[in-house]
file model03.tsv (TSV, C-alpha atoms and all ligand atoms)
chain	number	residue	atom	x	y	z
A	1	MET	CA	251.01	69.45	117.35
A	2	LYS	CA	250.35	72.77	115.64
A	3	LYS	CA	246.84	73.66	114.41
A	4	ASP	CA	247.66	72.89	110.77
A	5	SER	CA	248.57	69.31	111.77
A	6	LEU	CA	245.64	68.97	114.20
A	7	CYS	CA	243.27	69.65	111.29
A	8	ILE	CA	244.50	66.36	109.84
A	9	HIS	CA	245.55	64.35	112.91
A	10	GLY	CA	243.35	65.85	115.63
A	11	TYR	CA	241.78	62.57	116.80
A	12	ASN	CA	242.98	59.41	118.50
A	13	TYR	CA	241.13	56.75	116.55
A	14	THR	CA	243.32	54.09	114.91
A	15	GLU	CA	241.57	52.08	112.26
A	16	PRO	CA	242.62	48.37	112.54
A	17	THR	CA	242.72	47.96	108.72
A	18	GLY	CA	245.12	50.91	108.41
A	19	ALA	CA	242.59	52.89	106.35
A	20	LEU	CA	243.60	56.55	106.50
A	21	SER	CA	240.09	57.82	106.03
A	22	ILE	CA	238.03	57.08	109.10
A	23	PRO	CA	235.13	54.70	108.30
A	24	ILE	CA	231.56	55.95	108.36
A	25	TYR	CA	230.07	53.86	111.16
A	26	GLN	CA	226.56	53.89	109.74
A	27	SER	CA	225.00	52.07	112.67
A	28	ALA	CA	222.23	53.22	114.97
A	29	THR	CA	223.09	50.66	117.62
A	30	PHE	CA	225.99	48.51	118.85
A	31	LYS	CA	226.06	44.91	120.13
A	32	HIS	CA	226.89	44.38	123.82
A	33	PRO	CA	229.50	41.65	124.58
A	34	SER	CA	227.38	40.53	127.58
A	35	LEU	CA	225.10	41.92	130.27
A	36	GLY	CA	226.64	45.01	131.89
A	37	GLN	CA	229.38	45.22	129.26
A	38	SER	CA	229.78	47.72	126.45
A	39	THR	CA	232.31	48.31	123.68
A	40	GLY	CA	232.07	51.98	124.65
A	41	TYR	CA	229.40	52.44	121.97
A	42	ASP	CA	225.76	51.65	122.78
A	43	TYR	CA	223.48	53.77	120.63
A	44	SER	CA	224.41	56.48	118.13
A	45	ARG	CA	222.45	59.21	119.90
A	46	MET	CA	225.03	58.81	122.68
A	47	GLN	CA	228.24	57.76	120.94
A	48	ASN	CA	229.36	56.96	117.42
A	49	PRO	CA	233.00	56.32	116.44
A	50	THR	CA	232.95	58.56	113.33
A	51	ARG	CA	231.36	61.41	115.25
A	52	GLN	CA	233.74	60.84	118.15
A	53	ALA	CA	236.75	61.33	115.87
A	54	LEU	CA	235.24	64.61	114.72
A	55	GLU	CA	234.50	65.72	118.28
A	56	GLU	CA	238.10	64.97	119.25
A	57	THR	CA	239.33	67.04	116.31
A	58	ILE	CA	237.19	70.04	117.29
A	59	SER	CA	238.28	69.65	120.89
A	60	SER	CA	241.96	69.64	119.87
A	61	LEU	CA	241.52	72.66	117.62
A	62	GLU	CA	239.71	74.66	120.31
A	63	ASN	CA	242.23	73.50	122.92
A	64	ALA	CA	239.26	72.16	124.91
A	65	CYS	CA	238.69	69.17	127.18
A	66	GLY	CA	235.86	67.95	125.00
A	67	ALA	CA	233.48	68.83	122.19
A	68	ILE	CA	230.02	67.72	121.07
A	69	ALA	CA	228.83	67.54	117.46
A	70	TYR	CA	225.24	68.53	116.64
A	71	SER	CA	223.08	68.33	113.53
A	72	SER	CA	223.31	72.12	113.08
A	73	GLY	CA	224.59	75.24	114.80
A	74	MET	CA	221.05	75.98	115.99
A	75	ALA	CA	220.82	72.51	117.58
A	76	ALA	CA	223.98	73.37	119.53
A	77	VAL	CA	222.48	76.71	120.64
A	78	SER	CA	219.22	75.04	121.73
A	79	ASN	CA	221.09	72.45	123.81
A	80	ILE	CA	223.17	75.15	125.52
A	81	LEU	CA	220.05	77.06	126.53
A	82	GLU	CA	218.75	73.91	128.21
A	83	LEU	CA	221.49	74.50	130.81
A	84	PHE	CA	219.40	77.33	132.28
A	85	LYS	CA	216.23	77.32	134.39
A	86	PRO	CA	213.18	79.60	133.87
A	87	GLY	CA	213.88	83.04	135.34
A	88	ALA	CA	217.55	82.97	134.36
A	89	HIS	CA	218.83	86.12	132.68
A	90	LEU	CA	221.33	86.26	129.83
A	91	ILE	CA	223.16	89.24	128.35
A	92	ALA	CA	223.74	88.92	124.62
A	93	SER	CA	225.47	90.92	121.89
A	94	THR	CA	222.98	93.16	120.10
A	95	ASP	CA	224.32	92.02	116.78
A	96	LEU	CA	223.99	88.24	116.52
A	97	TYR	CA	223.05	85.85	113.73
A	98	GLY	CA	219.31	86.47	113.15
A	99	GLY	CA	218.37	82.82	113.74
A	100	ILE	CA	219.83	82.99	117.25
A	101	ILE	CA	217.89	86.17	118.01
A	102	ARG	CA	214.75	84.42	116.70
A	103	TYR	CA	215.52	81.46	118.99
A	104	PHE	CA	216.00	83.69	122.05
A	105	ARG	CA	212.91	85.80	121.33
A	106	THR	CA	210.50	82.97	120.50
A	107	ILE	CA	211.60	79.67	122.06
A	108	SER	CA	213.80	80.74	125.00
A	109	GLU	CA	211.57	83.58	126.22
A	110	LYS	CA	208.55	81.23	126.06
A	111	ASN	CA	210.57	78.86	128.28
A	112	GLY	CA	211.08	81.62	130.85
A	113	LEU	CA	214.59	82.86	130.01
A	114	LEU	CA	215.16	86.61	130.06
A	115	PHE	CA	217.47	88.56	127.75
A	116	ASP	CA	219.16	91.91	127.55
A	117	PHE	CA	220.93	92.85	124.32
A	118	VAL	CA	223.85	95.23	124.43
A	119	ASP	CA	226.88	96.23	122.40
A	120	THR	CA	229.33	93.80	124.00
A	121	GLY	CA	232.08	95.57	122.04
A	122	ASN	CA	231.75	98.18	124.75
A	123	VAL	CA	232.73	96.17	127.84
A	124	GLU	CA	231.56	98.93	130.20
A	125	SER	CA	227.99	98.62	128.94
A	126	VAL	CA	227.71	95.03	130.18
A	127	LEU	CA	228.29	95.73	133.89
A	128	PRO	CA	225.09	97.71	134.64
A	129	LEU	CA	222.99	94.91	133.16
A	130	ILE	CA	224.27	92.20	135.51
A	131	LYS	CA	221.58	91.20	138.03
A	132	SER	CA	221.30	88.55	140.71
A	133	ASN	CA	219.63	86.16	138.20
A	134	THR	CA	222.16	86.73	135.39
A	135	VAL	CA	223.75	83.43	134.40
A	136	ALA	CA	225.61	84.03	131.16
A	137	LEU	CA	227.05	86.37	128.55
A	138	PHE	CA	226.40	85.21	125.00
A	139	ILE	CA	228.54	86.85	122.34
A	140	GLU	CA	229.60	86.56	118.75
A	141	THR	CA	232.89	88.12	117.63
A	142	PRO	CA	233.10	89.30	114.93
A	143	THR	CA	229.32	89.54	114.66
A	144	ASN	CA	227.06	88.50	111.84
A	145	PRO	CA	226.63	90.65	109.77
A	146	MET	CA	227.99	93.95	111.17
A	147	MET	CA	231.45	92.60	112.03
A	148	ASN	CA	231.49	94.16	115.50
A	149	VAL	CA	234.34	92.93	117.66
A	150	SER	CA	234.19	92.17	121.38
A	151	ASP	CA	237.19	91.81	123.68
A	152	ILE	CA	236.93	88.19	124.83
A	153	SER	CA	239.47	88.38	127.70
A	154	SER	CA	237.88	91.50	129.21
A	155	LEU	CA	234.42	89.93	129.06
A	156	ALA	CA	235.83	86.70	130.51
A	157	ALA	CA	237.19	88.68	133.47
A	158	ILE	CA	233.74	90.21	134.09
A	159	ALA	CA	232.07	86.81	133.71
A	160	LYS	CA	234.47	85.25	136.19
A	161	GLN	CA	234.04	88.04	138.72
A	162	HIS	CA	230.23	87.70	138.60
A	163	ASN	CA	230.10	83.91	138.27
A	164	LEU	CA	228.60	83.96	134.78
A	165	LEU	CA	229.28	81.66	131.86
A	166	LEU	CA	230.89	83.31	128.86
A	167	ILE	CA	229.56	81.67	125.69
A	168	VAL	CA	231.27	82.65	122.45
A	169	ASP	CA	230.01	81.91	118.95
A	170	ASN	CA	233.28	81.41	117.09
A	171	THR	CA	231.73	80.63	113.70
A	172	PHE	CA	233.15	83.61	111.81
A	173	LEU	CA	236.83	82.94	112.51
A	174	SER	CA	236.92	79.19	113.25
A	175	PRO	CA	239.42	77.83	115.77
A	176	TYR	CA	242.09	78.28	113.13
A	177	PHE	CA	242.11	82.04	113.77
A	178	GLN	CA	240.59	82.39	117.25
A	179	GLN	CA	240.49	80.14	120.33
A	180	PRO	CA	238.09	81.77	122.81
A	181	LEU	CA	238.59	79.12	125.51
A	182	ASP	CA	242.24	80.13	125.84
A	183	LEU	CA	241.04	83.73	126.32
A	184	GLY	CA	238.81	82.69	129.24
A	185	ALA	CA	235.50	81.74	127.58
A	186	ASP	CA	233.60	78.83	129.14
A	187	ILE	CA	231.81	77.49	126.08
A	188	VAL	CA	232.50	77.89	122.37
A	189	ILE	CA	229.77	77.36	119.79
A	190	HIS	CA	230.08	76.83	116.07
A	191	SER	CA	227.86	76.60	113.13
A	192	GLY	CA	230.03	73.81	111.71
A	193	THR	CA	228.08	74.28	108.49
A	194	LYS	CA	230.44	77.16	107.74
A	195	TYR	CA	234.26	77.17	107.78
A	196	LEU	CA	234.67	73.82	109.58
A	197	ALA	CA	232.72	71.78	107.02
A	198	GLY	CA	233.81	74.33	104.44
A	199	HIS	CA	232.12	73.02	101.30
A	200	ASN	CA	228.50	74.21	101.53
A	201	ASP	CA	227.45	70.56	101.52
A	202	THR	CA	226.30	69.77	105.04
A	203	LEU	CA	224.87	71.28	108.21
A	204	ALA	CA	226.67	70.79	111.53
A	205	GLY	CA	227.08	72.46	114.91
A	206	PHE	CA	229.57	72.18	117.78
A	207	ILE	CA	230.17	73.14	121.33
A	208	ALA	CA	233.55	72.87	123.04
A	209	SER	CA	234.62	73.57	126.61
A	210	LYS	CA	237.52	73.12	129.02
A	211	ASN	CA	235.02	72.65	131.86
A	212	THR	CA	234.27	68.96	132.37
A	213	ALA	CA	231.22	69.61	134.57
A	214	ILE	CA	229.63	71.70	131.80
A	215	LEU	CA	230.52	69.07	129.23
A	216	GLU	CA	228.90	66.39	131.36
A	217	LYS	CA	225.67	68.41	131.66
A	218	LEU	CA	225.65	69.07	127.92
A	219	ARG	CA	226.24	65.37	127.17
A	220	PHE	CA	223.22	64.55	129.33
A	221	ILE	CA	221.10	67.13	127.47
A	222	TYR	CA	222.42	65.74	124.17
A	223	LYS	CA	221.40	62.19	124.90
A	224	THR	CA	218.03	63.39	126.20
A	225	VAL	CA	217.16	65.98	123.56
A	226	GLY	CA	218.92	64.57	120.47
A	227	GLY	CA	220.09	66.78	117.64
A	228	CYS	CA	223.10	64.55	116.97
A	229	LEU	CA	225.27	64.78	113.88
A	230	SER	CA	224.91	61.72	111.62
A	231	PRO	CA	227.91	59.47	110.90
A	232	PHE	CA	228.02	60.52	107.23
A	233	ASP	CA	227.83	64.23	108.03
A	234	SER	CA	230.51	63.71	110.69
A	235	TRP	CA	232.73	62.21	108.03
A	236	LEU	CA	232.06	65.09	105.65
A	237	VAL	CA	233.02	67.64	108.31
A	238	LEU	CA	236.13	65.64	109.24
A	239	ARG	CA	237.16	65.68	105.60
A	240	GLY	CA	236.39	69.39	105.34
A	241	ILE	CA	238.55	70.20	108.37
A	242	LYS	CA	241.58	68.51	106.79
A	243	THR	CA	241.91	71.58	104.53
A	244	LEU	CA	240.76	74.17	107.10
A	245	ALA	CA	244.24	75.70	107.46
A	246	LEU	CA	244.74	76.07	103.70
A	247	ARG	CA	241.28	77.50	103.16
A	248	MET	CA	241.51	80.00	106.04
A	249	ILE	CA	244.92	81.30	104.94
A	250	ARG	CA	243.73	81.69	101.36
A	251	LEU	CA	240.44	83.41	102.08
A	252	ASP	CA	241.96	85.68	104.72
A	253	SER	CA	244.38	86.99	102.11
A	254	SER	CA	241.67	87.31	99.44
A	255	ALA	CA	239.25	89.08	101.81
A	256	LYS	CA	241.90	91.71	102.59
A	257	GLN	CA	242.36	92.45	98.89
A	258	ILE	CA	238.61	92.53	98.23
A	259	ALA	CA	238.01	94.82	101.23
A	260	GLU	CA	240.67	97.21	99.92
A	261	PHE	CA	239.02	97.17	96.50
A	262	LEU	CA	235.56	97.81	97.99
A	263	SER	CA	236.85	100.56	100.30
A	264	THR	CA	237.60	102.79	97.30
A	265	HIS	CA	234.67	101.85	95.09
A	266	ARG	CA	232.37	104.80	94.36
A	267	ARG	CA	229.20	102.76	94.92
A	268	VAL	CA	230.32	101.43	98.34
A	269	LYS	CA	229.28	103.84	101.08
A	270	LYS	CA	230.26	101.85	104.19
A	271	LEU	CA	232.56	98.91	104.70
A	272	TYR	CA	232.47	96.54	107.68
A	273	TYR	CA	235.65	94.46	107.70
A	274	PRO	CA	237.82	94.15	110.83
A	275	GLY	CA	241.06	93.57	108.90
A	276	LEU	CA	241.50	97.23	107.95
A	277	PRO	CA	243.12	99.56	110.52
A	278	SER	CA	240.15	101.95	110.15
A	279	HIS	CA	237.80	99.33	111.71
A	280	PRO	CA	237.13	100.09	115.42
A	281	GLY	CA	237.79	96.46	116.35
A	282	TYR	CA	241.07	96.14	114.43
A	283	GLU	CA	243.41	96.35	117.44
A	284	ILE	CA	241.35	93.88	119.50
A	285	MET	CA	241.26	91.50	116.56
A	286	LYS	CA	245.05	91.69	116.26
A	287	LYS	CA	245.34	90.91	119.97
A	288	GLN	CA	242.91	87.98	120.16
A	289	ALA	CA	242.91	86.40	116.68
A	290	SER	CA	245.60	85.33	114.27
A	291	GLY	CA	243.61	86.27	111.15
A	292	PHE	CA	240.67	88.43	110.11
A	293	GLY	CA	238.65	85.81	108.25
A	294	GLY	CA	236.74	85.95	105.02
A	295	MET	CA	233.61	87.92	105.89
A	296	ILE	CA	232.95	91.44	104.59
A	297	SER	CA	229.74	93.44	104.89
A	298	PHE	CA	229.23	96.59	102.88
A	299	GLU	CA	226.57	99.17	102.23
A	300	VAL	CA	226.04	100.29	98.66
A	301	ASP	CA	224.59	103.57	97.42
A	302	SER	CA	221.05	102.39	96.62
A	303	PHE	CA	218.61	99.51	96.58
A	304	SER	CA	218.87	99.40	92.79
A	305	THR	CA	222.62	98.71	93.15
A	306	VAL	CA	221.75	95.85	95.54
A	307	LYS	CA	219.44	94.34	92.94
A	308	ARG	CA	222.01	94.77	90.18
A	309	VAL	CA	224.78	93.14	92.24
A	310	LEU	CA	222.64	90.18	93.32
A	311	ALA	CA	221.50	89.56	89.74
A	312	GLY	CA	224.86	90.37	88.19
A	313	VAL	CA	227.41	88.27	90.06
A	314	LYS	CA	228.49	85.24	88.08
A	315	ILE	CA	231.27	83.53	90.08
A	316	ILE	CA	229.90	84.63	93.43
A	317	SER	CA	226.53	83.03	94.23
A	318	PHE	CA	223.60	84.93	95.71
A	319	ALA	CA	222.82	82.48	98.53
A	320	GLU	CA	222.42	82.25	102.28
A	321	SER	CA	225.28	80.84	104.43
A	322	LEU	CA	229.01	81.45	104.51
A	323	GLY	CA	232.36	79.85	105.08
A	324	GLY	CA	232.50	77.47	102.12
A	325	VAL	CA	234.93	77.19	99.23
A	326	GLU	CA	232.39	78.95	97.00
A	327	SER	CA	232.05	82.73	97.51
A	328	LEU	CA	228.52	83.71	98.52
A	329	ILE	CA	226.77	87.05	98.68
A	330	THR	CA	223.85	87.44	101.07
A	331	TYR	CA	221.20	90.11	101.57
A	332	PRO	CA	220.89	90.12	105.40
A	333	SER	CA	217.72	92.23	105.74
A	334	VAL	CA	215.72	89.60	103.85
A	335	GLN	CA	217.75	86.43	104.42
A	336	THR	CA	219.76	85.88	107.64
A	337	HIS	CA	217.95	88.64	109.56
A	338	GLY	CA	214.53	88.54	107.88
A	339	ASP	CA	212.84	87.60	111.17
A	340	VAL	CA	214.44	90.42	113.18
A	341	THR	CA	212.12	93.44	113.48
A	342	LEU	CA	212.65	96.32	111.04
A	343	GLU	CA	213.33	98.69	113.92
A	344	GLU	CA	215.98	96.39	115.40
A	345	ARG	CA	217.57	95.82	112.00
A	346	GLU	CA	217.71	99.51	111.12
A	347	SER	CA	219.19	100.43	114.50
A	348	ARG	CA	222.03	97.99	113.83
A	349	GLY	CA	222.71	99.17	110.28
A	350	ILE	CA	221.08	96.17	108.58
A	351	ASN	CA	219.27	98.29	106.00
A	352	ASP	CA	218.09	97.59	102.47
A	353	ARG	CA	221.49	98.60	101.06
A	354	LEU	CA	223.60	96.18	103.12
A	355	LEU	CA	225.25	93.18	101.49
A	356	ARG	CA	227.36	90.47	103.12
A	357	LEU	CA	230.11	88.69	101.26
A	358	SER	CA	231.62	85.36	102.27
A	359	VAL	CA	234.90	85.13	100.40
A	360	GLY	CA	235.67	81.66	99.07
A	361	ILE	CA	238.84	80.24	97.65
A	362	GLU	CA	238.40	81.15	93.98
A	363	ASP	CA	241.08	83.29	92.33
A	364	VAL	CA	240.89	86.70	94.02
A	365	PHE	CA	241.17	88.62	90.73
A	366	ASP	CA	238.19	86.70	89.35
A	367	LEU	CA	236.23	87.68	92.46
A	368	ILE	CA	237.19	91.35	92.20
A	369	ASN	CA	236.35	91.31	88.51
A	370	ASP	CA	232.97	89.71	89.26
A	371	LEU	CA	232.18	92.43	91.81
A	372	THR	CA	233.42	95.20	89.49
A	373	LEU	CA	231.14	94.09	86.68
A	374	ALA	CA	228.15	93.60	89.01
A	375	LEU	CA	228.61	96.95	90.80
A	376	ASP	CA	228.98	98.95	87.58
B	401	LIG	C1	227.28	83.06	113.54
B	401	LIG	C2	226.30	81.94	113.36
B	401	LIG	N1	226.01	81.15	114.43
B	401	LIG	C3	225.12	80.13	114.31
B	401	LIG	C4	224.46	79.88	113.12
B	401	LIG	C5	223.47	78.74	113.04
B	401	LIG	O1	224.07	77.65	112.42
B	401	LIG	P1	223.32	76.57	111.50
B	401	LIG	O2	222.84	77.28	110.27
B	401	LIG	O3	224.39	75.56	111.23
B	401	LIG	O4	222.20	76.01	112.31
B	401	LIG	C6	224.75	80.66	112.00
B	401	LIG	C7	224.09	80.39	110.71
B	401	LIG	O5	224.20	81.13	109.76
B	401	LIG	C8	225.69	81.72	112.12
B	401	LIG	O6	226.01	82.52	111.09

call {"tool": "encode", "arguments": {"input": "model03.tsv", "output": "structure tokens", "more": "lines below"}}
Ligand SMILES: Cc1ncc(COP(=O)(O)O)c(C=O)c1O
result
Amino acid sequence: MKKDSLCIHGYNYTEPTGALSIPIYQSATFKHPSLGQSTGYDYSRMQNPTRQALEETISSLENACGAIAYSSGMAAVSNILELFKPGAHLIASTDLYGGIIRYFRTISEKNGLLFDFVDTGNVESVLPLIKSNTVALFIETPTNPMMNVSDISSLAAIAKQHNLLLIVDNTFLSPYFQQPLDLGADIVIHSGTKYLAGHNDTLAGFIASKNTAILEKLRFIYKTVGGCLSPFDSWLVLRGIKTLALRMIRLDSSAKQIAEFLSTHRRVKKLYYPGLPSHPGYEIMKKQASGFGGMISFEVDSFSTVKRVLAGVKIISFAESLGGVESLITYPSVQTHGDVTLEERESRGINDRLLRLSVGIEDVFDLINDLTLALD
């Protein structure tokens, strides 16, 4: 099946009543037929039929051997880091979602993990950082919020050569546009809160892998640590994914038009959008993804323009998050990256003039009009 069909028929479950919508199995526990026997479902921290259908869908879309659904993207990240022992060293993209940097710097470092941050868009810069205790490369592509692009296959080759795991946060493009496992990544992560759920109505997180040994370890961590996605939230995400293809196609096209509009606007000083040929990651994106997605970051001329835009947008909402049907505008230096040090933020271009736009599926001319009025 093609991806558009997998969004709708990506799981194996057949409901005996013939109901097309998978039931919400709102049960914490499941009855055993007799001692030593199980229906395959024992306790919802381990397995739940609604969640399983969702995990199968994610697995099919990522072309994986399995997937696990978590209560948020951060829960997925925390479970992955439990794979590593104190003293292990990870190399991560300098530009990552701020909450992941906060996790690495506060929780993971306290637990004895060591990190180096580098521009993984420059593959050569990764090699000198690999040490005998390095266990993984952790990347986002494109990154949040600077839209830097890393070459997944080249990094996968390095990871393979040095026996490292390549972990890719695929939140910004979704499996509809990019399938990192097919490019050699070992683990894919998602904030399922974003494009997968797609409606700004629930939190979710995922991991997917082709490696059954890794999946087995992560399943063990899952049942031990928790952080499971509830049956109702699983159902919401399953329903969201049914329109993933339509949403991604629509917002990809709208984002291109909005980026072109912003690129010539007198108040926009810098534009970070990998779908324009002027973006340094454009050629790599064309090679490894089938779309550019709906995320655009841009720097305006002054802080007073920032304030005017955030107060002035009417269709677009000034809110944290991304990837839903509603367009959102975010102020990264205070919101998504508020806990990253000023020095680190400034060195990455996350200054007080940077805005991040998540393009939704409203009429593109309404969105451009909304931005025009707010910018002027
Ligand atoms: C790229 C990326 N990864 C992970 C996360 C964390 O996901 P969640 O908010 O679902 O915990 C986010 C959240 O914004 C994100 O943007």

call {"tool": "residues_around", "arguments": {"input": "model03.tsv", "residues": "Ser304 in chain A", "least_positions_apart": "2", "cutoff": "12 Å", "atoms": "all atoms listed in the file", "output": "count of residues only"}}
result
17

call {"tool": "residues_near_ligand", "arguments": {"input": "model03.tsv", "ligand": "ligand LIG 401 (chain B)", "cutoff": "6 Å", "atoms": "all atoms listed in the file", "output": "list in words"}}
result
Ser72, Gly73, Met74, Tyr97, Asn144, Thr171, Ser191, Gly192, Thr193, Leu203, Ala204, Gly205 and Ser321 of chain A

call {"tool": "residues_around", "arguments": {"input": "model03.tsv", "residues": "Thr224 in chain A", "least_positions_apart": "4", "cutoff": "10 Å", "atoms": "only C-alpha atoms", "output": "ChimeraX atom specification"}}
result
/A:45-46,79,218-220

call {"tool": "closest_atom_pairs", "arguments": {"input": "model03.tsv", "of": "range 87-175 of chain A", "to": "range 340-347 of chain A", "cutoff": "9 Å", "atoms": "only C-alpha atoms", "output": "JSON lines"}}
result
{"residue": "A:Gly98", "atom": "CA", "partner": "A:Val340", "partner_atom": "CA", "distance": 6.3}
{"residue": "A:Gly99", "atom": "CA", "partner": "A:Val340", "partner_atom": "CA", "distance": 8.6}
{"residue": "A:Ile101", "atom": "CA", "partner": "A:Val340", "partner_atom": "CA", "distance": 7.3}
{"residue": "A:Arg102", "atom": "CA", "partner": "A:Val340", "partner_atom": "CA", "distance": 7.0}

call {"tool": "closest_residue", "arguments": {"input": "model03.tsv", "among": "A:Ile68, A:Leu355, A:Ile350, A:Ile214", "to": "Asp186 in chain A", "atoms": "only C-alpha atoms"}}
result
A:Ile214

call {"tool": "residues_near_point", "arguments": {"input": "model03.tsv", "point": "(232.4, 79.0, 121.0)", "cutoff": "12 Å", "atoms": "only C-alpha atoms", "output": "JSON, numbers by chain"}}
result
{"A": [58, 59, 61, 62, 63, 64, 67, 68, 73, 76, 77, 80, 137, 138, 139, 140, 141, 142, 152, 165, 166, 167, 168, 169, 170, 171, 172, 173, 174, 175, 178, 179, 180, 181, 182, 183, 184, 185, 186, 187, 188, 189, 190, 191, 192, 205, 206, 207, 208, 209, 210]}

call {"tool": "residues_near_point", "arguments": {"input": "model03.tsv", "point": "(236.3, 87.6, 100.2)", "cutoff": "6 Å", "atoms": "all atoms listed in the file", "output": "PyMOL selection string"}}
result
chain A and resi 254-255+258+294+358-359

call {"tool": "write_last_selection", "arguments": {"input": "model03.tsv", "atoms": "C-alpha atoms", "output": "CSV table (one decimal), in the frame of the given file"}}
result
chain,number,residue,atom,x,y,z
A,254,SER,CA,241.7,87.3,99.4
A,255,ALA,CA,239.2,89.1,101.8
A,258,ILE,CA,238.6,92.5,98.2
A,294,GLY,CA,236.7,86.0,105.0
A,358,SER,CA,231.6,85.4,102.3
A,359,VAL,CA,234.9,85.1,100.4

call {"tool": "atom_distance", "arguments": {"input": "model03.tsv", "atom1": "CA of Arg266 in chain A", "atom2": "CA of Thr336 in chain A"}}
result
26.3 Å

call {"tool": "atom_distance", "arguments": {"input": "model03.tsv", "atom1": "CA of Phe115 in chain A", "atom2": "CA of Ala92 in chain A"}}
result
7.0 Å

call {"tool": "atom_distance", "arguments": {"input": "model03.tsv", "atom1": "CA of Ala75 in chain A", "atom2": "CA of Ser234 in chain A"}}
result
14.8 Å

call {"tool": "residues_around", "arguments": {"input": "model03.tsv", "residues": "Lys270 in chain A", "least_positions_apart": "5", "cutoff": "8 Å", "atoms": "only C-alpha atoms", "output": "PyMOL selection string"}}
result
chain A and resi 263+298-300

call {"tool": "closest_residue", "arguments": {"input": "model03.tsv", "among": "A:Ser27, A:Ser78, A:Thr202, A:Asn211", "to": "Gly240 in chain A", "atoms": "all atoms listed in the file"}}
result
A:Thr202

call {"tool": "residues_around", "arguments": {"input": "model03.tsv", "residues": "Gly360 in chain A", "least_positions_apart": "6", "cutoff": "10 Å", "atoms": "all atoms listed in the file", "output": "PyMOL selection string"}}
result
chain A and resi 195+198-199+247-248+250-252+254-255+294-295+316+322-328+367

call {"tool": "axis_aligned_box", "arguments": {"input": "model03.tsv", "around": "range 9-15 of chain A", "padding_each_side": "4 Å", "output": "lines of an AutoDock Vina configuration file"}}
result
center_x = 243.3
center_y = 59.0
center_z = 115.4
size_x = 12.4
size_y = 21.8
size_z = 14.2

call {"tool": "residues_around", "arguments": {"input": "model03.tsv", "residues": "Ala197 in chain A", "least_positions_apart": "6", "cutoff": "7 Å", "atoms": "all atoms listed in the file", "output": "list in words"}}
result
Leu236, Val237, Gly240 and Ile241 of chain A

call {"tool": "closest_residue", "arguments": {"input": "model03.tsv", "among": "A:Leu96, A:Ile91, A:Ile315, A:Leu357", "to": "Asp116 in chain A", "atoms": "only C-alpha atoms"}}
result
A:Ile91

call {"tool": "closest_residue", "arguments": {"input": "model03.tsv", "among": "A:Met147, A:Ala53, A:Ala245, A:Ile22", "to": "Lys3 in chain A", "atoms": "all atoms listed in the file"}}
result
A:Ala245

call {"tool": "closest_residue", "arguments": {"input": "model03.tsv", "among": "A:Ser38, A:Ala289, A:Arg356, A:Ser125", "to": "Phe318 in chain A", "atoms": "only C-alpha atoms"}}
result
A:Arg356

call {"tool": "closest_residue", "arguments": {"input": "model03.tsv", "among": "A:Trp235, A:Leu113, A:Lys160, A:Tyr11", "to": "Gln26 in chain A", "atoms": "all atoms listed in the file"}}
result
A:Trp235

call {"tool": "decode", "arguments": {"input": "model03.tsv", "residues": "range 227-237 of chain A", "atoms": "N, CA and C atoms", "output": "PDB file, in the first residue's frame"}}
result
ATOM      1  N   GLY A 227       4.684   6.065  30.889  1.00  0.00           N
ATOM      2  CA  GLY A 227       4.665   7.112  29.848  1.00  0.00           C
ATOM      3  C   GLY A 227       3.863   6.664  28.640  1.00  0.00           C
ATOM      4  N   CYS A 228       2.873   5.771  28.892  1.00  0.00           N
ATOM      5  CA  CYS A 228       2.095   5.205  27.772  1.00  0.00           C
ATOM      6  C   CYS A 228       1.014   6.175  27.299  1.00  0.00           C
ATOM      7  N   LEU A 229       0.674   6.046  26.037  1.00  0.00           N
ATOM      8  CA  LEU A 229      -0.421   6.847  25.478  1.00  0.00           C
ATOM      9  C   LEU A 229      -1.754   6.206  25.870  1.00  0.00           C
ATOM     10  N   SER A 230      -2.704   7.018  26.309  1.00  0.00           N
ATOM     11  CA  SER A 230      -4.001   6.470  26.756  1.00  0.00           C
ATOM     12  C   SER A 230      -4.810   5.975  25.563  1.00  0.00           C
ATOM     13  N   PRO A 231      -5.787   5.089  25.804  1.00  0.00           N
ATOM     14  CA  PRO A 231      -6.610   4.588  24.695  1.00  0.00           C
ATOM     15  C   PRO A 231      -7.330   5.720  23.945  1.00  0.00           C
ATOM     16  N   PHE A 232      -7.871   6.692  24.688  1.00  0.00           N
ATOM     17  CA  PHE A 232      -8.599   7.769  24.000  1.00  0.00           C
ATOM     18  C   PHE A 232      -7.658   8.606  23.142  1.00  0.00           C
ATOM     19  N   ASP A 233      -6.492   8.949  23.711  1.00  0.00           N
ATOM     20  CA  ASP A 233      -5.535   9.742  22.932  1.00  0.00           C
ATOM     21  C   ASP A 233      -5.028   8.944  21.726  1.00  0.00           C
ATOM     22  N   SER A 234      -4.903   7.619  21.903  1.00  0.00           N
ATOM     23  CA  SER A 234      -4.490   6.782  20.767  1.00  0.00           C
ATOM     24  C   SER A 234      -5.524   6.886  19.655  1.00  0.00           C
ATOM     25  N   TRP A 235      -6.783   6.870  20.050  1.00  0.00           N
ATOM     26  CA  TRP A 235      -7.857   6.961  19.055  1.00  0.00           C
ATOM     27  C   TRP A 235      -7.833   8.325  18.355  1.00  0.00           C
ATOM     28  N   LEU A 236      -7.603   9.373  19.137  1.00  0.00           N
ATOM     29  CA  LEU A 236      -7.541  10.715  18.529  1.00  0.00           C
ATOM     30  C   LEU A 236      -6.414  10.790  17.494  1.00  0.00           C
ATOM     31  N   VAL A 237      -5.261  10.210  17.838  1.00  0.00           N
ATOM     32  CA  VAL A 237      -4.129  10.292  16.896  1.00  0.00           C
ATOM     33  C   VAL A 237      -4.423   9.429  15.661  1.00  0.00           C
TER      34      VAL A 237
END
